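Peer 1: Just dropping this structure here.
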Amino acid sequence: LGESARVSIIIVGENDAPTAGTVAAQTINEGQSVTFTMVGANDVDAGDSISYDWDFNDDGVFELVGAGNTVTRTQAQLEALGLDGRNGPAATTEVNVRVRDSQGAFSSVVTVNLTINNVNPVANITGPTQAPPGSSLTFNFSATDASSVDTAAGFTFNVVWDDAQSPATATGVTSGTTTRTFTDAGTYTATVTVTDRDGGTSTDTHVVVISQTYI
């Protein structure tokens, strides 16, 4: 009689790609951080683990690879990717995320919007509040902005007085001064208007009283 042999055959199934879940669009203001969460992703293959790849500025490069389903980007991280409320009242970019499993398979890419609202700069003007006629006085104007990118670009300043005398302008700076000589007694109000590179504006006022009383 011939000998018999037992042969074991192991069948390895094809790996199934994971399935992406959903991500909610986000809207923030300049200077804020943003958090995205993908929910509902899964993989039908027992034993496979999943992670997430995130592309925050729609450039085709996933800045975070193998990350969790919840990720946060700070203001500095967003600005480093060129993301702030530029070129208008708001800027919208597409954020892409895909799911990968431990076998190297990927889900389809899910795309959602990130909208960043421009925040208006804050204007400020200071200086003397009283002086006698004939005085030459210097006033300081400045601005701050929630966006460090807007601040680095500088602002446009326009200073006007309520009597339309001695207007002043400055561009591409974060602060400056203006000097005016007051010939006549009276109460004078200066208004400074600051505009950031995105077109956001704000104003501030300063009052000075010119009187013989202050000689």
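Residue numbering restarts at 1 for every chain of the structure tokens, chains are lettered A, B, ... in their displayed order, and ligands are numbered from 1 as they appear.
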Fewer than 6 positions away in the same chain doesn't count, so skip those; otherwise give me all residues within 8 Å of Arg100 (chain A), counting only C-alpha atoms, as a PyMOL selection string.
Peer 2: chain A and resi 17-18+50-53+66+106-107
Peer 1: Can you pull out every residue within 8 Å of Val149 (chain A), counting only C-alpha atoms, but drop anything in the same chain fewer than 2 positions away, and send it as a compact mmCIF listing (two decimals) with N, CA, C and O atoms, in the first residue's frame?
Peer 2:
```
# COMPACT_ATOMS: atom_id res chain seq x y z
N GLU A 79 -1.03 79.53 10.11
CA GLU A 79 -0.36 80.60 9.40
C GLU A 79 0.89 80.10 8.67
O GLU A 79 1.23 80.60 7.60
N ASP A 84 -4.97 82.13 6.79
CA ASP A 84 -5.57 83.12 7.67
C ASP A 84 -6.68 83.79 6.86
O ASP A 84 -6.96 83.40 5.74
N SER A 147 -4.05 88.48 13.59
CA SER A 147 -3.21 87.72 12.68
C SER A 147 -1.79 88.25 12.70
O SER A 147 -1.56 89.43 12.40
N THR A 151 -0.14 91.58 10.79
CA THR A 151 0.72 92.51 11.51
C THR A 151 2.06 92.67 10.81
O THR A 151 2.57 93.78 10.64
N ALA A 152 2.64 91.55 10.38
CA ALA A 152 3.94 91.60 9.70
C ALA A 152 3.85 92.37 8.38
O ALA A 152 4.82 93.01 7.96
N ALA A 153 2.68 92.33 7.73
CA ALA A 153 2.51 93.05 6.46
C ALA A 153 2.39 94.55 6.67
O ALA A 153 2.62 95.33 5.74
```
Peer 1: Can you tell me how far CA of Val71 (chain A) sits from CA of Phe56 (chain A), in Å to one decimal?
Peer 2: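 Atom-to-atom, CA of Val71 (chain A) and CA of Phe56 (chain A) are spaced 10.5 Å apart.
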Peer 1: Using only C-alpha atoms, which protein or nucleic acid residues come within 12 Å of Gln165 (chain A)? Drop anything in the same chain fewer than 6 positions from it, and give the result as a ChimeraX atom specification.
Peer 2: /A:159,179-183,188-191
Peer 1: Please, what distance in Å, to one decimal, runs between CA of Asp58 (chain A) and CA of Glu30 (chain A)?
Peer 2: 18.7 Å
Peer 1: Skip Ile215 (chain A) itself and residues of its chain fewer than 2 positions away, then list as a ChimeraX atom specification all residues within 10 Å of it, counting only C-alpha atoms.
Peer 2: /A:130-133,135,210-213
Peer 1: How would the residues just picked look written out with N, CA and C atoms as a JSON list (two decimals), in the first residue's frame?
Peer 2:
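Result went into part_8.json, see below:
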```json
[["chain", "number", "residue", "atom", "x", "y", "z"],
["A", 130, "GLN", "N", -4.22, 118.57, 26.47],
["A", 130, "GLN", "CA", -4.43, 120.00, 26.65],
["A", 130, "GLN", "C", -3.12, 120.75, 26.45],
["A", 131, "ALA", "N", -3.24, 121.99, 25.95],
["A", 131, "ALA", "CA", -2.06, 122.82, 25.70],
["A", 131, "ALA", "C", -2.52, 124.22, 25.35],
["A", 132, "PRO", "N", -1.64, 125.22, 25.45],
["A", 132, "PRO", "CA", -2.00, 126.60, 25.08],
["A", 132, "PRO", "C", -1.90, 126.80, 23.58],
["A", 133, "PRO", "N", -2.53, 127.85, 23.04],
["A", 133, "PRO", "CA", -2.41, 128.16, 21.61],
["A", 133, "PRO", "C", -0.94, 128.34, 21.22],
["A", 135, "SER", "N", 0.97, 125.83, 20.45],
["A", 135, "SER", "CA", 1.71, 124.60, 20.77],
["A", 135, "SER", "C", 1.83, 123.69, 19.56],
["A", 210, "ILE", "N", -7.25, 123.14, 23.39],
["A", 210, "ILE", "CA", -6.28, 124.22, 23.30],
["A", 210, "ILE", "C", -6.89, 125.46, 23.96],
["A", 211, "SER", "N", -6.22, 125.95, 25.02],
["A", 211, "SER", "CA", -6.81, 127.06, 25.79],
["A", 211, "SER", "C", -5.71, 127.87, 26.47],
["A", 212, "GLN", "N", -5.96, 129.18, 26.62],
["A", 212, "GLN", "CA", -5.05, 130.05, 27.35],
["A", 212, "GLN", "C", -4.90, 129.59, 28.80],
["A", 213, "THR", "N", -5.89, 128.83, 29.27],
["A", 213, "THR", "CA", -5.87, 128.34, 30.64],
["A", 213, "THR", "C", -4.62, 127.52, 30.92]]
```
Peer 1: If DSSP is run on the backbone, what residues of region 64-192 of chain A are alpha helix (DSSP H)? A reply as a PyMOL selection string would be ideal.
Peer 2: chain A and resi 75-80+148-153
Peer 1: Compile the contact shell of Thr177 (chain A) as a list in words: residues with an atom at most 12 Å away, counting only C-alpha atoms, same-chain residues fewer than 3 positions apart removed.
Peer 2: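 The residues that qualify are Asn124, Ile125, Thr126, Gly127, Leu137, Thr138, Phe139, Asn140, Phe141, Ser142, Phe157, Asn158, Val159, Pro167, Ala168, Thr169, Ala170, Val173, Thr174, Arg180 and Val192 of chain A.
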Peer 1: Just the number, please: distance in Å from CA of Leu64 (chain A) to CA of Thr115 (chain A), one decimal.
Peer 2: 19.7 Å
Peer 1: Nearest to Pro128 (chain A) among A:Met38, A:Gly21, A:Asp43, A:His206, with distances taken over only C-alpha atoms: which residue is it?
Peer 2: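 Residue with the minimum atom-to-atom distance to Pro128 (chain A): A:His206.
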Peer 1: Identify, on the basis of only C-alpha atoms, every residue whose closest approach to Asp145 (chain A) does not exceed 7 Å; exclude the query and any residue fewer than 3 positions from it along the same chain; express the result as number ranges by chain.
Peer 2: A: 120-122, 148, 150-151
Peer 1: Please list as a list in words every residue within 6 Å of Asp101 (chain A), counting only C-alpha atoms and excluding residues in the same chain fewer than 3 positions away.
Peer 2: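 Residues meeting the cut-off are Ser49, Ile50, Gly104 and Ala105 of chain A.
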Peer 1: Which residue, A:Ser202, A:Gly172, A:Leu114, A:Val109, has the smallest gap to Ala20 (chain A) when you use only C-alpha atoms?
Peer 2: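 Closest residue, counting only C-alpha atoms: A:Val109.
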Peer 1: Have a look at A:Thr144, A:Val44, A:Thr193, A:Gly186 and name the one nearest to Asp163 (chain A); count only C-alpha atoms.
Peer 2: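 Under the stated criterion, the closest residue is A:Gly186.
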Peer 1: Which residue out of A:Val97, A:Val39, A:Val34, A:Ile28 has the minimum interatomic distance to Val61 (chain A) when only C-alpha atoms are used?
Peer 2: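 Smallest distance to Val61 (chain A) is found for A:Val97.
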Peer 1: Which residue is closest to Gly199 (chain A)? Choose from A:Thr187, A:Thr171, A:Thr37, A:Asn118 and count only C-alpha atoms.
Peer 2: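 The shortest atom-to-atom distance to Gly199 (chain A) comes from A:Asn118.
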